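J.: Before I ask anything, let me first share the structure, which is written out below as structure tokens.
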Amino acid sequence: MDLACRYLGFDLPHPFISGASPLVDSLDTVRRLEDEGVAAIVMRSLFEEQIVSEEMATFRALETPADSFAEALTYLPSPASFVLGPDEYLEQLRRIKEVVDVPVIASLNGTTRGGWLEFSRLILQAGADGLELNVYELVTDSLESSSDVEARTLEVVETVREALGDLPLAVKLSPFYTSLPHLAHRLDRAGANGLVLFNRFYQADIDVEELELERSLNLSDSSELLLRLRWLAVLEGQLEASLAVTGGVHTALDAVKAVMCGADAIQVVSALLKHGPEHLATLRRDLARWLEDHEYESLDQLRGSMSLGRCPDPHAFERANYMQLLQSWRPRV
């Protein structure tokens with residue numbers, strides 16, 4: 001079965017990519033990922049704050065609030081809390097490139113334009129095959145408009161695009177935009193070679209006795225895929241950029257749904273953390289079997305078959321779907 005796909009200009013043997021995660025922290029695990037046939041590897045994200053902190057800017061910025069409020073020191077992790085600092089990140093990238101032959105995509109997480117973006121040039125020099133720009137941001141300022149947020153995101157992407165030259169650039173988005181298709185179109189025109197849908201929205205709980213936040217990192221499950229499917233189906237066919245899905249793909253059936261809606265590539269993290277790199281072989285085998293059982297000749301034949309581009313009036317379809325779902329509930333007898 002032909003599972004070949006194309007993502008960020010890379011011709012891949014199948015769509016399964018190891019997404020940004022701690023899996024890259026160990027070279028032994030990186031080798032296991034390649035041995036199990038991973039199509040590409042995305043490194044864990046290096047945060048804008050780490051790079052700024054390296055230059056002492058964060059410490060100076062925190063000096064005043066730290067004198068005023070003791071808890072201000074806990075807003076950002078200490079440098080020691082990060083597994084890889086900027087220099088260690090570049091060195092790990094070089095090491096990974098030495099031990100695997102698959103594309104290795106670095107990841108930067110930031111939301112502002114500044115000197116730290118020069119770090120993207122260092123990533124290029126370190127041998128990355130591409131860069132995934134993670135623009136996770138939750139707006140808390142009531143005076144900041146949606147157009148302000150989008151303009152800042154576009155400015156960052158344009159700046160990184162210029163710094164990278166021809167190196168493939170993917171932008172990892174959250175779903176919290178007023179008009180995601182419009183932003184996606186603008187990112188496409190700004191030079192993004194791919195869009196990754198979506199960042200997970202991590203939410204802290206509250207310890208009501210200690211009056212503290214409780215932060216816990218829970219792995220995803222297949223239910224999280226539904227939001228991604230909707231926007232993949234909306235965006236498919238509207239952009240030059242590749243589309244990747246991340247979050248909620250645990251089984252081959254999840255992968256089938258994602259490709260049906262338009263995904264070019266599938267980033268897997270939680271399933272690999274749960275089951276190990278060996279799960280990649282299971283996903284590939286089960287995907288090939290499903291395609292054969294349903295008489296497909298290739299993965300390309302499946303791609304986009306359930307996208308809204310196949311619908312003559314997508315807006316009317318979405319409205320009708322919404323109304324039908326609301327009317328479908330019936331009380332138990």
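Letters for chains follow the order of the structure tokens (A, B, ...), residue numbers begin at 1 for each chain, and ligand numbers begin at 1 in the order shown.
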Could you find all residues in segment 64-197 of chain A that DSSP calls helix (DSSP H, G or I) from the backbone, and write them as a PyMOL selection string?
T.: chain A and resi 64-68+70-74+79-81+86-99+115-125+146-164+180-189
J.: DSSP on the backbone: what in segment 12-192 of chain A comes out strand (DSSP E or B), as a list in words?
T.: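 Selecting the strand (DSSP E or B) positions of segment 12-192 of chain A gives Leu12, Phe16, Ile17, Ser18, Ile41, Val42, Leu46, Phe47, Val104, Ile105, Ala106, Ser107, Leu108, Asn109, Gly130, Leu131, Glu132, Leu133, Asn134, Leu169, Ala170, Val171, Lys172 and Leu173 of chain A.
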J.: Give me the residues within 7 Å of Leu280 of chain A as a PyMOL selection string, counting only C-alpha atoms and dropping any in the same chain fewer than 3 places off.
T.: chain A and resi 36-38+277+283-284
J.: Select, from A:Ala151, A:Val99, A:Ala204, A:Asn199, the residue with the minimum atom-to-atom distance to Ser216 of chain A, counting only C-alpha atoms.
T.: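 For Ser216 of chain A, the nearest of the candidates is A:Ala204.
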J.: Neighbouring residues of Tyr177 of chain A were defined as those with any atom within 10 Å, considering only C-alpha atoms; residues of the same chain fewer than 4 positions away were excluded. Please report them as a tab-separated table (two decimals) with N, CA and C atoms, in the first residue's frame.
T.:
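Generated output (selection-v3.tsv):
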```
chain	number	residue	atom	x	y	z
A	146	SER	N	-8.52	41.47	18.32
A	146	SER	CA	-8.14	40.27	17.57
A	146	SER	C	-7.21	40.62	16.41
A	147	SER	N	-7.44	41.79	15.80
A	147	SER	CA	-6.56	42.20	14.70
A	147	SER	C	-5.15	42.50	15.20
A	149	VAL	N	-3.65	40.92	17.67
A	149	VAL	CA	-3.03	39.61	17.89
A	149	VAL	C	-2.57	39.01	16.57
A	150	GLU	N	-3.43	39.07	15.57
A	150	GLU	CA	-3.09	38.50	14.27
A	150	GLU	C	-1.93	39.26	13.63
A	173	LEU	N	-0.50	26.57	15.40
A	173	LEU	CA	-1.52	27.52	15.85
A	173	LEU	C	-2.39	26.94	16.95
A	181	PRO	N	-9.72	30.77	9.11
A	181	PRO	CA	-9.39	30.65	7.68
A	181	PRO	C	-8.71	31.91	7.13
A	182	HIS	N	-9.15	33.08	7.58
A	182	HIS	CA	-8.53	34.33	7.10
A	182	HIS	C	-7.09	34.43	7.57
A	183	LEU	N	-6.84	34.12	8.85
A	183	LEU	CA	-5.47	34.14	9.35
A	183	LEU	C	-4.62	33.12	8.63
```
J.: At a cut-off of 12 Å, using only C-alpha atoms, what residues contact Phe10 of chain A? Leave out same-chain residues fewer than 5 positions from it and give the result as JSON, numbers by chain.
T.: {"A": [4, 5, 15, 17, 39, 40, 102, 103, 104, 105, 129, 130, 167, 168, 169, 193, 194, 242, 264, 265]}
J.: For a quick check of understanding, using only C-alpha atoms, which of A:Leu253, A:Val234, A:Ala263, A:Val245 has the smallest distance to Gly309 of chain A?
T.: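 Using only C-alpha atoms, Gly309 of chain A sits closest to A:Val234.
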J.: What does the structure give for the distance between atom CA of Thr282 of chain A and atom CA of Leu12 of chain A, in Å to one decimal?
T.: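 Atom CA of Thr282 of chain A sits 17.5 Å away from atom CA of Leu12 of chain A.
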J.: For Val269 of chain A, please output as a PyMOL selection string all residues within 7 Å (counting only C-alpha atoms; exclusion window: fewer than 4 positions along the same chain).
T.: chain A and resi 18-19+21+273
J.: Which residue out of A:Leu187, A:Leu138, A:Leu287, A:Ala170 has the minimum interatomic distance to Glu158 of chain A when only C-alpha atoms are used?
T.: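 Ranking A:Leu187, A:Leu138, A:Leu287, A:Ala170 by distance to Glu158 of chain A, first place goes to A:Leu187.
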J.: Which residues are near Lys257 of chain A? Cut-off 10 Å, only C-alpha atoms, ignore same chain within fewer than 2 positions. Put them as a list in words.
T.: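 The residues that qualify are Leu225, Leu226, Leu229, Val249, Ala252, Leu253, Asp254, Ala255, Val259, Met260, Cys261, Gly262, Ala263, Leu302, Arg303, Gly304, Ser305 and Met306 of chain A.
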